[in-house]
Amino acid sequence: MNISPFILERYFAEYEFNVPYLLCSSDCESISIKDLLQLEEESSEKLENVWLGYTESQGAPNLLKQIANLYSSIDSKDVLTFSGAEEAIYIFMRTMLQQGENIVVQSPCYQSLFEVAKSEGITIKQWNMDKDNGWELDLNELENLIDSKTKAIVINFPNNPTGYLPSIEKYQQIVDIAKRNDLLLFSDEVYRLFEYNEADRLAPACDLYDKAVSLGVLSKSFGLAGLRIGWVACKNPDILEKLKWYKDYTTICNSAPSEFLAEIALKNTDKLIDRNKQITLDNLVLIEELFTEFSSILSWNKPKAGVIAFPKFDEAVAEKVNYRKIAEDYGLLLLPGSCYGYPDNYFRIGYGRKNFPEAIAVFRKYLNEKFN
Ligand SMILES: Cc1ncc(COP(=O)(O)O)c(C=O)c1O
C-alpha cells in the first residue's frame, strides 16, 4: 500500500508543539487526569488499581454501555472501540471497500476520510460543498455522483474544516439517498453534541439506517484527545464483525487506563461539554469582532456547531499571506487551505481553546501590521 502523506498532520507535526499560539486547533480545551478524576468520587484510588493486562477487544463492557447511551437504538453489542477516530476510519476503509468500487465523499474533509480508500485503488468522487453558498450541499449532485460501482457515501457533520451542519431535513434526505441505493453510509460525527443550539442537532446516522456507521471520539467535543478513545456504532453485525477482525491486526484492544478514564468522561458528558461550549461561545464573540473589524479583507460563514471554521482572505491580498512566516514571526499557527486541497487564501481557524483571546490578539497585531 502506497499512501500519500497526511498534509494537515505533517503541518501540525512541524508546528503544534513549537509555537505558543495555536489558532487552528480542531479540539476543545483539554483537562488533566486530576481534573477528570474529580468528577467522580473515589476514582483516584480506583485508577491506581486498574489492572494493566490486555482489555476486551471490543472495549470494556462498562465503557461500551456508556457509549451506547449516546444513541437511541444502539446497545453495547453494536459498539466497537478504537484508538481514536483515526483507527476506525482506517479500518473501515480497509475492510469495507474493494478495488473497482467508488465512494462519494463530502469535500472538503479530513484527509483520511478519502486518502486511505484512494491508496487502496478505490475511486474517490468528491461531493463538493458550495463555498459561495454557506458550504451548502446539493442533493441532485449527490444523486448524479452515485453509479452502479458506488459502495459508500462518506459524510462529516458538523464538518471539519467548514463547521457546516445541514438542516435536519437535508440530512434525512442524504440518509434516504443512501438507503434507496443500498449504500454504506460512513458518518463522521466527531463534533456531535457540540451544536450551539440543541434544536440543530442531527440524529446519529446509525439510529436512522442499519447500514450506517456512526463515528465518535472523545478527542473533539470532550477535549480528551490524549485518551485516544474512539468508536463506531452500527446496527449491522456483519459490518461490525469485519471491523473487529481487522482490529486484531492493528491495536487489538484499548489502553486500560484510558478506558477507565473514558468511562468517567462519558458519565459526565453534560458537564464536560457545557464547560467546553462556554469557552467556545466566548471565543466566537472575539472572532466575530475581529472579522467585522477586518471585513474588507476577511470573510467567513459562522458555523452552527463545532470549534472550527474555514474563513478566507480576500483574493486581492492573498499574495501577502504566508502562514509559515506568520508561525515563525508571530508564533501564531493558522492552517492553510491547501491542507484541504483549497487555495491558500482559505485557512482553518479553531476557537475551542482557553488561550484563544491571547492568540486572537496576536492575529489582530499581525493584521494591523500587514494590512493597515
Ligand atoms: C473530522 C475528523 N475525523 C476524525 C479525526 C481523527 O480523530 P482522532 O485524532 O481522535 O483520531 C479528526 C481529527 O482531527 C477529525 O477532525
# chains A, B, ... in the order shown; residues from 1 in each chain; ligands from 1

call {"tool": "residues_around", "arguments": {"residues": "stretch 315-331 of chain A", "least_positions_apart": "5", "cutoff": "12 Å", "atoms": "only C-alpha atoms", "output": "compact mmCIF listing (two decimals) with all heavy atoms, in the first residue's frame"}}
result
# COMPACT_ATOMS: atom_id res chain seq x y z
N TYR A 11 1.87 19.08 8.79
CA TYR A 11 1.99 20.51 9.10
C TYR A 11 1.93 20.71 10.63
O TYR A 11 2.76 21.40 11.21
CB TYR A 11 0.85 21.27 8.41
CG TYR A 11 0.91 22.78 8.50
CD1 TYR A 11 1.72 23.51 7.63
CD2 TYR A 11 0.16 23.47 9.43
CE1 TYR A 11 1.76 24.90 7.70
CE2 TYR A 11 0.19 24.86 9.50
CZ TYR A 11 1.00 25.57 8.63
OH TYR A 11 1.03 26.94 8.70
N PHE A 12 0.98 20.03 11.25
CA PHE A 12 0.88 20.12 12.71
C PHE A 12 2.12 19.54 13.39
O PHE A 12 2.59 20.06 14.40
CB PHE A 12 -0.37 19.37 13.22
CG PHE A 12 -1.54 20.29 13.42
CD1 PHE A 12 -2.51 20.43 12.45
CD2 PHE A 12 -1.67 21.04 14.57
CE1 PHE A 12 -3.58 21.30 12.61
CE2 PHE A 12 -2.73 21.91 14.76
CZ PHE A 12 -3.70 22.03 13.77
N GLU A 14 5.04 19.68 12.48
CA GLU A 14 6.12 20.66 12.44
C GLU A 14 5.95 21.76 13.48
O GLU A 14 6.91 22.23 14.07
CB GLU A 14 6.10 21.33 11.05
CG GLU A 14 7.29 20.98 10.19
CD GLU A 14 7.17 21.73 8.87
OE1 GLU A 14 6.53 21.17 7.94
OE2 GLU A 14 7.69 22.83 8.77
N TYR A 15 4.70 22.19 13.67
CA TYR A 15 4.49 23.42 14.46
C TYR A 15 3.77 23.26 15.80
O TYR A 15 3.94 24.10 16.69
CB TYR A 15 3.68 24.42 13.62
CG TYR A 15 4.42 24.95 12.42
CD1 TYR A 15 4.08 24.56 11.13
CD2 TYR A 15 5.47 25.85 12.59
CE1 TYR A 15 4.76 25.06 10.03
CE2 TYR A 15 6.16 26.36 11.49
CZ TYR A 15 5.80 25.95 10.21
OH TYR A 15 6.48 26.44 9.13
N GLU A 16 2.91 22.24 15.93
CA GLU A 16 1.97 22.21 17.06
C GLU A 16 2.63 22.42 18.42
O GLU A 16 2.10 23.14 19.28
CB GLU A 16 1.19 20.89 17.06
CG GLU A 16 0.11 20.85 18.13
CD GLU A 16 -0.76 19.60 18.08
OE1 GLU A 16 -0.48 18.68 17.27
OE2 GLU A 16 -1.73 19.54 18.86
N PHE A 17 3.79 21.78 18.62
CA PHE A 17 4.42 21.87 19.94
C PHE A 17 5.57 22.88 19.96
O PHE A 17 6.35 22.92 20.90
CB PHE A 17 4.85 20.47 20.40
CG PHE A 17 3.66 19.56 20.59
CD1 PHE A 17 3.30 18.64 19.60
CD2 PHE A 17 2.86 19.66 21.72
CE1 PHE A 17 2.17 17.84 19.74
CE2 PHE A 17 1.74 18.87 21.88
CZ PHE A 17 1.38 17.95 20.89
N ASN A 18 5.66 23.70 18.91
CA ASN A 18 6.76 24.68 18.83
C ASN A 18 6.30 26.13 18.77
O ASN A 18 7.13 27.02 18.82
CB ASN A 18 7.61 24.41 17.58
CG ASN A 18 8.19 23.03 17.62
OD1 ASN A 18 8.64 22.59 18.66
ND2 ASN A 18 8.16 22.33 16.50
N VAL A 19 5.00 26.36 18.60
CA VAL A 19 4.53 27.75 18.58
C VAL A 19 3.58 27.98 19.76
O VAL A 19 2.84 27.07 20.15
CB VAL A 19 3.83 28.12 17.25
CG1 VAL A 19 4.76 28.00 16.06
CG2 VAL A 19 2.58 27.30 17.05
N PRO A 20 3.60 29.19 20.34
CA PRO A 20 2.77 29.42 21.53
C PRO A 20 1.28 29.61 21.24
O PRO A 20 0.45 29.33 22.09
CB PRO A 20 3.36 30.70 22.13
CG PRO A 20 4.14 31.36 21.04
CD PRO A 20 4.54 30.30 20.07
N TYR A 21 0.94 30.10 20.02
CA TYR A 21 -0.46 30.46 19.78
C TYR A 21 -1.06 29.60 18.66
O TYR A 21 -0.80 29.83 17.48
CB TYR A 21 -0.57 31.94 19.40
CG TYR A 21 0.07 32.84 20.43
CD1 TYR A 21 1.25 33.53 20.13
CD2 TYR A 21 -0.47 32.97 21.70
CE1 TYR A 21 1.85 34.34 21.08
CE2 TYR A 21 0.13 33.76 22.67
CZ TYR A 21 1.29 34.45 22.35
OH TYR A 21 1.89 35.22 23.29
N LEU A 22 -1.82 28.61 19.08
CA LEU A 22 -2.47 27.73 18.09
C LEU A 22 -3.85 28.30 17.81
O LEU A 22 -4.73 28.23 18.66
CB LEU A 22 -2.61 26.31 18.65
CG LEU A 22 -1.32 25.60 19.04
CD1 LEU A 22 -1.63 24.23 19.64
CD2 LEU A 22 -0.41 25.44 17.83
N LEU A 23 -4.00 28.83 16.61
CA LEU A 23 -5.30 29.42 16.27
C LEU A 23 -6.05 28.54 15.28
O LEU A 23 -6.95 29.00 14.58
CB LEU A 23 -5.09 30.83 15.70
CG LEU A 23 -6.24 31.82 15.88
CD1 LEU A 23 -6.56 32.03 17.34
CD2 LEU A 23 -5.95 33.15 15.23
N CYS A 24 -5.67 27.27 15.23
CA CYS A 24 -6.34 26.39 14.27
C CYS A 24 -6.58 25.00 14.84
O CYS A 24 -6.80 24.05 14.08
CB CYS A 24 -5.55 26.31 12.97
SG CYS A 24 -3.85 25.77 13.20
N SER A 296 -12.96 44.09 5.23
CA SER A 296 -12.54 44.39 3.86
C SER A 296 -11.58 43.31 3.33
O SER A 296 -11.42 43.17 2.12
CB SER A 296 -11.85 45.75 3.81
OG SER A 296 -10.74 45.74 4.66
N ILE A 297 -10.96 42.56 4.23
CA ILE A 297 -10.03 41.51 3.73
C ILE A 297 -10.38 40.10 4.21
O ILE A 297 -9.86 39.12 3.68
CB ILE A 297 -8.55 41.80 4.13
CG1 ILE A 297 -8.42 42.02 5.65
CG2 ILE A 297 -7.98 42.97 3.32
CD1 ILE A 297 -6.97 41.93 6.12
N LEU A 298 -11.25 39.98 5.22
CA LEU A 298 -11.58 38.65 5.75
C LEU A 298 -13.09 38.39 5.65
O LEU A 298 -13.89 39.28 5.96
CB LEU A 298 -11.19 38.55 7.23
CG LEU A 298 -9.72 38.43 7.59
CD1 LEU A 298 -9.54 38.51 9.10
CD2 LEU A 298 -9.14 37.11 7.07
N SER A 299 -13.46 37.17 5.26
CA SER A 299 -14.88 36.81 5.29
C SER A 299 -15.02 35.36 5.72
O SER A 299 -14.09 34.56 5.59
CB SER A 299 -15.53 37.03 3.92
OG SER A 299 -14.82 36.30 2.96
N PRO A 336 -3.25 26.47 6.50
CA PRO A 336 -3.52 26.89 5.11
C PRO A 336 -4.58 26.03 4.42
O PRO A 336 -4.65 24.81 4.64
CB PRO A 336 -2.17 26.69 4.41
CG PRO A 336 -1.18 26.34 5.45
CD PRO A 336 -1.90 25.97 6.70
N GLY A 337 -5.37 26.66 3.58
CA GLY A 337 -6.41 25.96 2.83
C GLY A 337 -5.87 24.79 2.01
O GLY A 337 -6.58 23.82 1.75
N SER A 338 -4.59 24.87 1.61
CA SER A 338 -4.03 23.81 0.76
C SER A 338 -3.99 22.47 1.50
O SER A 338 -3.91 21.41 0.87
CB SER A 338 -2.63 24.18 0.26
OG SER A 338 -1.84 24.62 1.33
N CYS A 339 -4.06 22.50 2.83
CA CYS A 339 -4.15 21.23 3.59
C CYS A 339 -5.45 20.49 3.26
O CYS A 339 -5.61 19.32 3.58
CB CYS A 339 -4.08 21.49 5.09
SG CYS A 339 -2.46 22.05 5.63
N PRO A 343 -7.39 26.75 -2.24
CA PRO A 343 -6.37 27.80 -2.36
C PRO A 343 -6.00 28.33 -0.98
O PRO A 343 -6.80 28.26 -0.04
CB PRO A 343 -7.08 28.90 -3.17
CG PRO A 343 -8.33 28.30 -3.68
CD PRO A 343 -8.65 27.10 -2.88
N ASP A 344 -4.79 28.89 -0.89
CA ASP A 344 -4.28 29.30 0.42
C ASP A 344 -4.85 30.61 0.94
O ASP A 344 -4.48 31.04 2.03
CB ASP A 344 -2.75 29.34 0.40
CG ASP A 344 -2.17 28.02 0.86
OD1 ASP A 344 -2.94 27.21 1.42
OD2 ASP A 344 -0.97 27.80 0.67
N ASN A 345 -5.75 31.27 0.18
CA ASN A 345 -6.41 32.41 0.82
C ASN A 345 -7.45 31.91 1.84
O ASN A 345 -7.85 32.64 2.73
CB ASN A 345 -7.02 33.40 -0.19
CG ASN A 345 -8.10 32.79 -1.04
OD1 ASN A 345 -7.94 31.68 -1.53
ND2 ASN A 345 -9.19 33.50 -1.22
N TYR A 346 -7.81 30.62 1.73
CA TYR A 346 -8.64 30.00 2.77
C TYR A 346 -7.72 29.52 3.89
O TYR A 346 -6.59 29.12 3.65
CB TYR A 346 -9.40 28.79 2.21
CG TYR A 346 -10.57 29.17 1.34
CD1 TYR A 346 -10.38 29.49 0.00
CD2 TYR A 346 -11.86 29.23 1.85
CE1 TYR A 346 -11.46 29.86 -0.81
CE2 TYR A 346 -12.93 29.61 1.06
CZ TYR A 346 -12.72 29.91 -0.27
OH TYR A 346 -13.79 30.28 -1.04
N PHE A 347 -8.23 29.53 5.10
CA PHE A 347 -7.47 28.96 6.22
C PHE A 347 -8.44 28.44 7.28
O PHE A 347 -9.60 28.88 7.33
CB PHE A 347 -6.51 30.01 6.82
CG PHE A 347 -7.17 31.23 7.38
CD1 PHE A 347 -7.41 31.35 8.74
CD2 PHE A 347 -7.56 32.28 6.55
CE1 PHE A 347 -8.01 32.50 9.27
CE2 PHE A 347 -8.18 33.43 7.07
CZ PHE A 347 -8.40 33.53 8.43
N ARG A 348 -7.95 27.50 8.08
CA ARG A 348 -8.80 26.99 9.16
C ARG A 348 -8.50 27.74 10.44
O ARG A 348 -7.34 27.95 10.79
CB ARG A 348 -8.56 25.49 9.39
CG ARG A 348 -9.52 24.89 10.41
CD ARG A 348 -9.34 23.41 10.56
NE ARG A 348 -8.36 23.06 11.56
CZ ARG A 348 -7.98 21.83 11.86
NH1 ARG A 348 -8.49 20.82 11.20
NH2 ARG A 348 -7.09 21.61 12.80
N GLU A 358 -5.69 35.41 23.81
CA GLU A 358 -4.30 35.85 23.56
C GLU A 358 -3.93 35.61 22.10
O GLU A 358 -3.31 36.46 21.45
CB GLU A 358 -3.31 35.08 24.44
CG GLU A 358 -3.46 35.35 25.92
CD GLU A 358 -3.07 34.13 26.74
OE1 GLU A 358 -1.95 33.59 26.55
OE2 GLU A 358 -3.91 33.69 27.56
N ALA A 359 -4.30 34.44 21.60
CA ALA A 359 -3.93 34.10 20.22
C ALA A 359 -4.59 35.06 19.22
O ALA A 359 -3.96 35.50 18.25
CB ALA A 359 -4.34 32.66 19.92
N ILE A 360 -5.84 35.43 19.48
CA ILE A 360 -6.51 36.31 18.53
C ILE A 360 -5.94 37.73 18.62
O ILE A 360 -5.91 38.47 17.63
CB ILE A 360 -8.05 36.25 18.67
CG1 ILE A 360 -8.69 36.69 17.34
CG2 ILE A 360 -8.57 37.09 19.80
CD1 ILE A 360 -9.88 35.97 16.93
N ALA A 361 -5.43 38.07 19.79
CA ALA A 361 -4.77 39.39 19.93
C ALA A 361 -3.52 39.42 19.05
O ALA A 361 -3.21 40.45 18.41
CB ALA A 361 -4.42 39.66 21.38
N VAL A 362 -2.81 38.31 18.99
CA VAL A 362 -1.62 38.24 18.13
C VAL A 362 -2.04 38.31 16.65
O VAL A 362 -1.39 38.97 15.83
CB VAL A 362 -0.80 36.95 18.42
CG1 VAL A 362 0.39 36.83 17.48
CG2 VAL A 362 -0.36 36.93 19.87
N PHE A 363 -3.15 37.64 16.33
CA PHE A 363 -3.64 37.69 14.95
C PHE A 363 -4.01 39.13 14.57
O PHE A 363 -3.68 39.62 13.49
CB PHE A 363 -4.85 36.76 14.82
CG PHE A 363 -5.30 36.50 13.40
CD1 PHE A 363 -4.41 36.54 12.33
CD2 PHE A 363 -6.64 36.20 13.13
CE1 PHE A 363 -4.83 36.29 11.02
CE2 PHE A 363 -7.07 35.95 11.83
CZ PHE A 363 -6.17 36.01 10.78
N ARG A 364 -4.66 39.82 15.50
CA ARG A 364 -5.04 41.22 15.25
C ARG A 364 -3.78 42.07 15.00
O ARG A 364 -3.73 42.91 14.11
CB ARG A 364 -5.85 41.77 16.43
CG ARG A 364 -6.21 43.24 16.26
CD ARG A 364 -7.08 43.77 17.39
NE ARG A 364 -8.51 43.59 17.11
CZ ARG A 364 -9.30 42.72 17.71
NH1 ARG A 364 -8.81 41.94 18.63
NH2 ARG A 364 -10.57 42.64 17.40
N LYS A 365 -2.75 41.83 15.81
CA LYS A 365 -1.48 42.58 15.67
C LYS A 365 -0.92 42.35 14.26
O LYS A 365 -0.53 43.28 13.56
CB LYS A 365 -0.50 42.07 16.74
CG LYS A 365 0.86 42.71 16.76
CD LYS A 365 1.60 42.25 18.05
CE LYS A 365 2.94 42.91 18.21
NZ LYS A 365 4.01 42.29 17.46
N TYR A 366 -0.91 41.06 13.85
CA TYR A 366 -0.42 40.73 12.51
C TYR A 366 -1.23 41.48 11.44
O TYR A 366 -0.68 42.10 10.53
CB TYR A 366 -0.49 39.22 12.29
CG TYR A 366 -0.48 38.80 10.83
CD1 TYR A 366 0.69 38.79 10.08
CD2 TYR A 366 -1.69 38.43 10.20
CE1 TYR A 366 0.67 38.44 8.73
CE2 TYR A 366 -1.70 38.09 8.85
CZ TYR A 366 -0.53 38.10 8.13
OH TYR A 366 -0.53 37.76 6.81
N LEU A 367 -2.55 41.44 11.57
CA LEU A 367 -3.42 42.06 10.56
C LEU A 367 -3.17 43.58 10.52
O LEU A 367 -3.08 44.16 9.43
CB LEU A 367 -4.89 41.76 10.85
CG LEU A 367 -5.30 40.30 10.69
CD1 LEU A 367 -6.71 40.07 11.25
CD2 LEU A 367 -5.27 39.85 9.23
N GLU A 369 -0.43 45.16 11.40
CA GLU A 369 0.90 45.46 10.87
C GLU A 369 0.99 45.26 9.35
O GLU A 369 1.68 45.99 8.66
CB GLU A 369 1.96 44.60 11.58
CG GLU A 369 2.21 45.09 13.00
CD GLU A 369 3.21 44.24 13.78
OE1 GLU A 369 3.80 43.30 13.21
OE2 GLU A 369 3.39 44.53 14.97
N LYS A 370 0.26 44.26 8.84
CA LYS A 370 0.40 43.94 7.41
C LYS A 370 -0.63 44.64 6.52
O LYS A 370 -0.38 44.84 5.35
CB LYS A 370 0.25 42.43 7.17
CG LYS A 370 1.32 41.59 7.81
CD LYS A 370 2.66 41.72 7.08
CE LYS A 370 3.73 41.03 7.91
NZ LYS A 370 5.06 41.40 7.67
N PHE A 371 -1.79 44.94 7.08
CA PHE A 371 -2.88 45.37 6.19
C PHE A 371 -3.46 46.75 6.53
O PHE A 371 -4.39 47.18 5.87
CB PHE A 371 -4.00 44.33 6.17
CG PHE A 371 -3.54 42.98 5.68
CD1 PHE A 371 -3.24 41.96 6.59
CD2 PHE A 371 -3.37 42.73 4.34
CE1 PHE A 371 -2.81 40.72 6.16
CE2 PHE A 371 -2.92 41.49 3.89
CZ PHE A 371 -2.64 40.48 4.81
N ASN A 372 -2.90 47.41 7.53
CA ASN A 372 -3.45 48.74 7.85
C ASN A 372 -2.47 49.85 7.48
O ASN A 372 -1.28 49.68 7.54
CB ASN A 372 -3.81 48.84 9.34
CG ASN A 372 -5.28 48.52 9.53
OD1 ASN A 372 -6.06 48.53 8.58
ND2 ASN A 372 -5.64 48.22 10.76

call {"tool": "closest_atom_pairs", "arguments": {"of": "chain A", "to": "ligand 1", "cutoff": "7 Å", "atoms": "only C-alpha atoms and all ligand atoms", "output": "Markdown table"}}
result
| residue | atom | partner | partner_atom_place_in_ligand_line | distance |
| --- | --- | --- | --- | --- |
| A:Ser26 | CA | ligand 1 | 14 (O) | 5.8 |
| A:Ser83 | CA | ligand 1 | 11 (O) | 6.9 |
| A:Gly84 | CA | ligand 1 | 11 (O) | 3.6 |
| A:Ala85 | CA | ligand 1 | 11 (O) | 3.7 |
| A:Glu86 | CA | ligand 1 | 11 (O) | 3.7 |
| A:Glu87 | CA | ligand 1 | 11 (O) | 6.6 |
| A:Cys109 | CA | ligand 1 | 1 (C) | 6.8 |
| A:Tyr110 | CA | ligand 1 | 1 (C) | 5.2 |
| A:Asn156 | CA | ligand 1 | 1 (C) | 6.3 |
| A:Asn159 | CA | ligand 1 | 1 (C) | 6.5 |
| A:Asn160 | CA | ligand 1 | 1 (C) | 5.0 |
| A:Asp188 | CA | ligand 1 | 3 (N) | 6.0 |
| A:Val190 | CA | ligand 1 | 3 (N) | 5.9 |
| A:Val217 | CA | ligand 1 | 10 (O) | 5.7 |
| A:Leu218 | CA | ligand 1 | 10 (O) | 6.8 |
| A:Ser219 | CA | ligand 1 | 10 (O) | 4.7 |
| A:Lys220 | CA | ligand 1 | 10 (O) | 7.0 |
| A:Ala225 | CA | ligand 1 | 10 (O) | 5.6 |
| A:Arg228 | CA | ligand 1 | 10 (O) | 6.1 |
| A:Gly230 | CA | ligand 1 | 10 (O) | 6.4 |

call {"tool": "residues_around", "arguments": {"residues": "A:Gly352", "least_positions_apart": "4", "cutoff": "10 Å", "atoms": "only C-alpha atoms", "output": "PDB file with C-alpha atoms, in the first residue's frame"}}
result
ATOM      1  CA  LEU A  23      -5.298  29.423  16.273  1.00  0.00           C
ATOM      2  CA  CYS A  24      -6.343  26.388  14.266  1.00  0.00           C
ATOM      3  CA  SER A  25      -6.768  23.521  16.762  1.00  0.00           C
ATOM      4  CA  SER A  26      -9.612  21.186  15.938  1.00  0.00           C
ATOM      5  CA  ASP A  27     -10.347  20.159  19.519  1.00  0.00           C
ATOM      6  CA  CYS A  28     -11.724  21.698  22.686  1.00  0.00           C
ATOM      7  CA  GLU A  29      -9.598  22.701  25.665  1.00  0.00           C
ATOM      8  CA  SER A  30      -8.388  19.588  27.459  1.00  0.00           C
ATOM      9  CA  LYS A 220     -13.080  16.863  19.959  1.00  0.00           C
ATOM     10  CA  SER A 221     -16.277  17.882  21.806  1.00  0.00           C
ATOM     11  CA  GLY A 223     -11.446  17.729  24.630  1.00  0.00           C
ATOM     12  CA  ASN A 276     -16.229  23.418  26.537  1.00  0.00           C
ATOM     13  CA  LYS A 277     -19.180  25.148  24.916  1.00  0.00           C
ATOM     14  CA  GLN A 278     -18.867  28.097  27.262  1.00  0.00           C
ATOM     15  CA  ILE A 279     -15.191  28.557  26.288  1.00  0.00           C
ATOM     16  CA  THR A 280     -16.099  28.221  22.608  1.00  0.00           C
ATOM     17  CA  LEU A 281     -19.036  30.620  22.620  1.00  0.00           C
ATOM     18  CA  ASP A 282     -16.964  33.269  24.429  1.00  0.00           C
ATOM     19  CA  ASN A 283     -14.245  32.861  21.793  1.00  0.00           C
ATOM     20  CA  LEU A 284     -16.784  33.076  18.986  1.00  0.00           C
ATOM     21  CA  GLY A 306     -18.098  22.655  16.436  1.00  0.00           C
ATOM     22  CA  VAL A 307     -14.924  24.634  17.106  1.00  0.00           C
ATOM     23  CA  ILE A 308     -13.560  25.308  13.632  1.00  0.00           C
ATOM     24  CA  PHE A 356      -7.787  31.909  22.290  1.00  0.00           C
TER      25      PHE A 356
END

call {"tool": "closest_residue", "arguments": {"among": "A:Ala88, A:Leu80, A:Ile174, A:Ile122", "to": "A:Pro237", "atoms": "only C-alpha atoms"}}
result
A:Leu80

call {"tool": "atom_distance", "arguments": {"atom1": "atom CA of A:Glu195", "atom2": "atom CA of A:Ala305"}}
result
4.1 Å

call {"tool": "select_by_dssp", "arguments": {"residues": "stretch 104-203 of chain A", "states": "strand (DSSP E or B)", "output": "JSON, numbers by chain"}}
result
{"A": [104, 105, 106, 107, 123, 124, 125, 126, 127, 128, 130, 136, 150, 151, 152, 153, 154, 155, 156, 184, 185, 186, 187, 188, 195]}

call {"tool": "closest_residue", "arguments": {"among": "A:Thr162, A:Ser112, A:Phe6, A:Lys151", "to": "A:Gln99", "atoms": "only C-alpha atoms"}}
result
A:Lys151

call {"tool": "residues_around", "arguments": {"residues": "stretch 239-242 of chain A", "least_positions_apart": "2", "cutoff": "12 Å", "atoms": "only C-alpha atoms", "output": "PyMOL selection string"}}
result
chain A and resi 57-58+76-81+88+91-97+184-186+210-214+231-237+244-249

call {"tool": "write_last_selection", "arguments": {"atoms": "C-alpha atoms", "output": "PDB file, in the first residue's frame"}}
result
ATOM      1  CA  SER A  57     -11.014  -6.296  22.268  1.00  0.00           C
ATOM      2  CA  GLN A  58     -14.445  -4.774  21.613  1.00  0.00           C
ATOM      3  CA  SER A  76     -23.355  -2.370  23.813  1.00  0.00           C
ATOM      4  CA  LYS A  77     -23.157  -5.128  21.229  1.00  0.00           C
ATOM      5  CA  ASP A  78     -23.456  -2.527  18.431  1.00  0.00           C
ATOM      6  CA  VAL A  79     -20.378  -0.573  19.547  1.00  0.00           C
ATOM      7  CA  LEU A  80     -16.720  -1.204  18.729  1.00  0.00           C
ATOM      8  CA  THR A  81     -13.981   0.938  20.260  1.00  0.00           C
ATOM      9  CA  ALA A  88     -11.769   3.455  12.952  1.00  0.00           C
ATOM     10  CA  ILE A  91     -10.111   0.041   9.366  1.00  0.00           C
ATOM     11  CA  PHE A  92     -13.493   0.875   7.829  1.00  0.00           C
ATOM     12  CA  MET A  93     -11.863   1.927   4.560  1.00  0.00           C
ATOM     13  CA  ARG A  94      -9.564  -1.095   4.507  1.00  0.00           C
ATOM     14  CA  THR A  95     -12.263  -3.667   5.206  1.00  0.00           C
ATOM     15  CA  MET A  96     -15.473  -2.483   3.601  1.00  0.00           C
ATOM     16  CA  LEU A  97     -14.268  -1.425   0.134  1.00  0.00           C
ATOM     17  CA  LEU A 184     -22.994   2.092   3.242  1.00  0.00           C
ATOM     18  CA  LEU A 185     -23.146   5.462   4.989  1.00  0.00           C
ATOM     19  CA  PHE A 186     -19.967   6.327   6.875  1.00  0.00           C
ATOM     20  CA  ASP A 210     -28.905  -0.152   9.518  1.00  0.00           C
ATOM     21  CA  LYS A 211     -26.067   0.231   7.023  1.00  0.00           C
ATOM     22  CA  ALA A 212     -24.841   3.484   8.568  1.00  0.00           C
ATOM     23  CA  VAL A 213     -21.690   3.550  10.657  1.00  0.00           C
ATOM     24  CA  SER A 214     -21.531   6.441  13.139  1.00  0.00           C
ATOM     25  CA  TRP A 231     -15.648   4.134  18.480  1.00  0.00           C
ATOM     26  CA  VAL A 232     -18.120   3.197  15.823  1.00  0.00           C
ATOM     27  CA  ALA A 233     -21.786   2.417  16.407  1.00  0.00           C
ATOM     28  CA  CYS A 234     -23.638   0.330  13.834  1.00  0.00           C
ATOM     29  CA  LYS A 235     -26.661  -1.982  13.941  1.00  0.00           C
ATOM     30  CA  ASN A 236     -25.393  -4.303  11.233  1.00  0.00           C
ATOM     31  CA  PRO A 237     -23.492  -7.154  12.977  1.00  0.00           C
ATOM     32  CA  LYS A 244     -13.319  -6.471  14.653  1.00  0.00           C
ATOM     33  CA  TRP A 245     -11.311  -8.939  12.567  1.00  0.00           C
ATOM     34  CA  TYR A 246      -9.115  -6.165  11.226  1.00  0.00           C
ATOM     35  CA  LYS A 247      -8.573  -4.549  14.626  1.00  0.00           C
ATOM     36  CA  ASP A 248      -6.828  -7.753  15.715  1.00  0.00           C
ATOM     37  CA  TYR A 249      -4.063  -6.706  13.298  1.00  0.00           C
TER      38      TYR A 249
END

call {"tool": "atom_distance", "arguments": {"atom1": "atom CA of A:Lys312", "atom2": "atom CA of A:Glu141"}}
result
24.9 Å

call {"tool": "atom_distance", "arguments": {"atom1": "atom CA of A:Arg192", "atom2": "atom CA of A:Glu115"}}
result
22.9 Å

call {"tool": "select_by_dssp", "arguments": {"residues": "stretch 165-270 of chain A", "states": "helix (DSSP H, G or I)", "output": "MDAnalysis selection string"}}
result
chainID A and resid 168:180 198:200 205:208 225:227 237:247 256:267 269:270

call {"tool": "residues_around", "arguments": {"residues": "stretch 33-45 of chain A", "least_positions_apart": "4", "cutoff": "8 Å", "atoms": "only C-alpha atoms", "output": "PDB file with N, CA and C atoms, in the first residue's frame"}}
result
ATOM      1  N   ASN A  49      -5.760   1.172  40.956  1.00  0.00           N
ATOM      2  CA  ASN A  49      -5.955  -0.287  40.956  1.00  0.00           C
ATOM      3  C   ASN A  49      -6.340  -0.857  39.586  1.00  0.00           C
ATOM      4  N   LEU A 261     -10.693   6.012  32.314  1.00  0.00           N
ATOM      5  CA  LEU A 261     -10.902   7.466  32.320  1.00  0.00           C
ATOM      6  C   LEU A 261     -12.024   7.865  31.345  1.00  0.00           C
ATOM      7  N   ILE A 264     -15.420   7.546  32.901  1.00  0.00           N
ATOM      8  CA  ILE A 264     -15.752   8.695  33.773  1.00  0.00           C
ATOM      9  C   ILE A 264     -16.187   9.882  32.915  1.00  0.00           C
ATOM     10  N   ALA A 265     -15.444  10.120  31.830  1.00  0.00           N
ATOM     11  CA  ALA A 265     -15.774  11.254  30.956  1.00  0.00           C
ATOM     12  C   ALA A 265     -17.203  11.113  30.426  1.00  0.00           C
ATOM     13  N   ASN A 268     -19.971  11.891  32.614  1.00  0.00           N
ATOM     14  CA  ASN A 268     -20.070  13.329  32.882  1.00  0.00           C
ATOM     15  C   ASN A 268     -20.144  14.137  31.586  1.00  0.00           C
TER      16      ASN A 268
END

call {"tool": "residues_around", "arguments": {"residues": "A:Leu8", "least_positions_apart": "5", "cutoff": "8 Å", "atoms": "only C-alpha atoms", "output": "JSON, numbers by chain"}}
result
{"A": [111, 335, 339, 340]}

call {"tool": "closest_residue", "arguments": {"among": "A:Ile74, A:Cys206, A:Ala262, A:Leu139", "to": "A:Leu224", "atoms": "only C-alpha atoms"}}
result
A:Ala262

call {"tool": "residues_around", "arguments": {"residues": "A:Arg201", "least_positions_apart": "3", "cutoff": "9 Å", "atoms": "only C-alpha atoms", "output": "count of residues only"}}
result
11

call {"tool": "closest_residue", "arguments": {"among": "A:Pro161, A:Gly53, A:Gly121, A:Gly59", "to": "A:Gly341", "atoms": "only C-alpha atoms"}}
result
A:Pro161
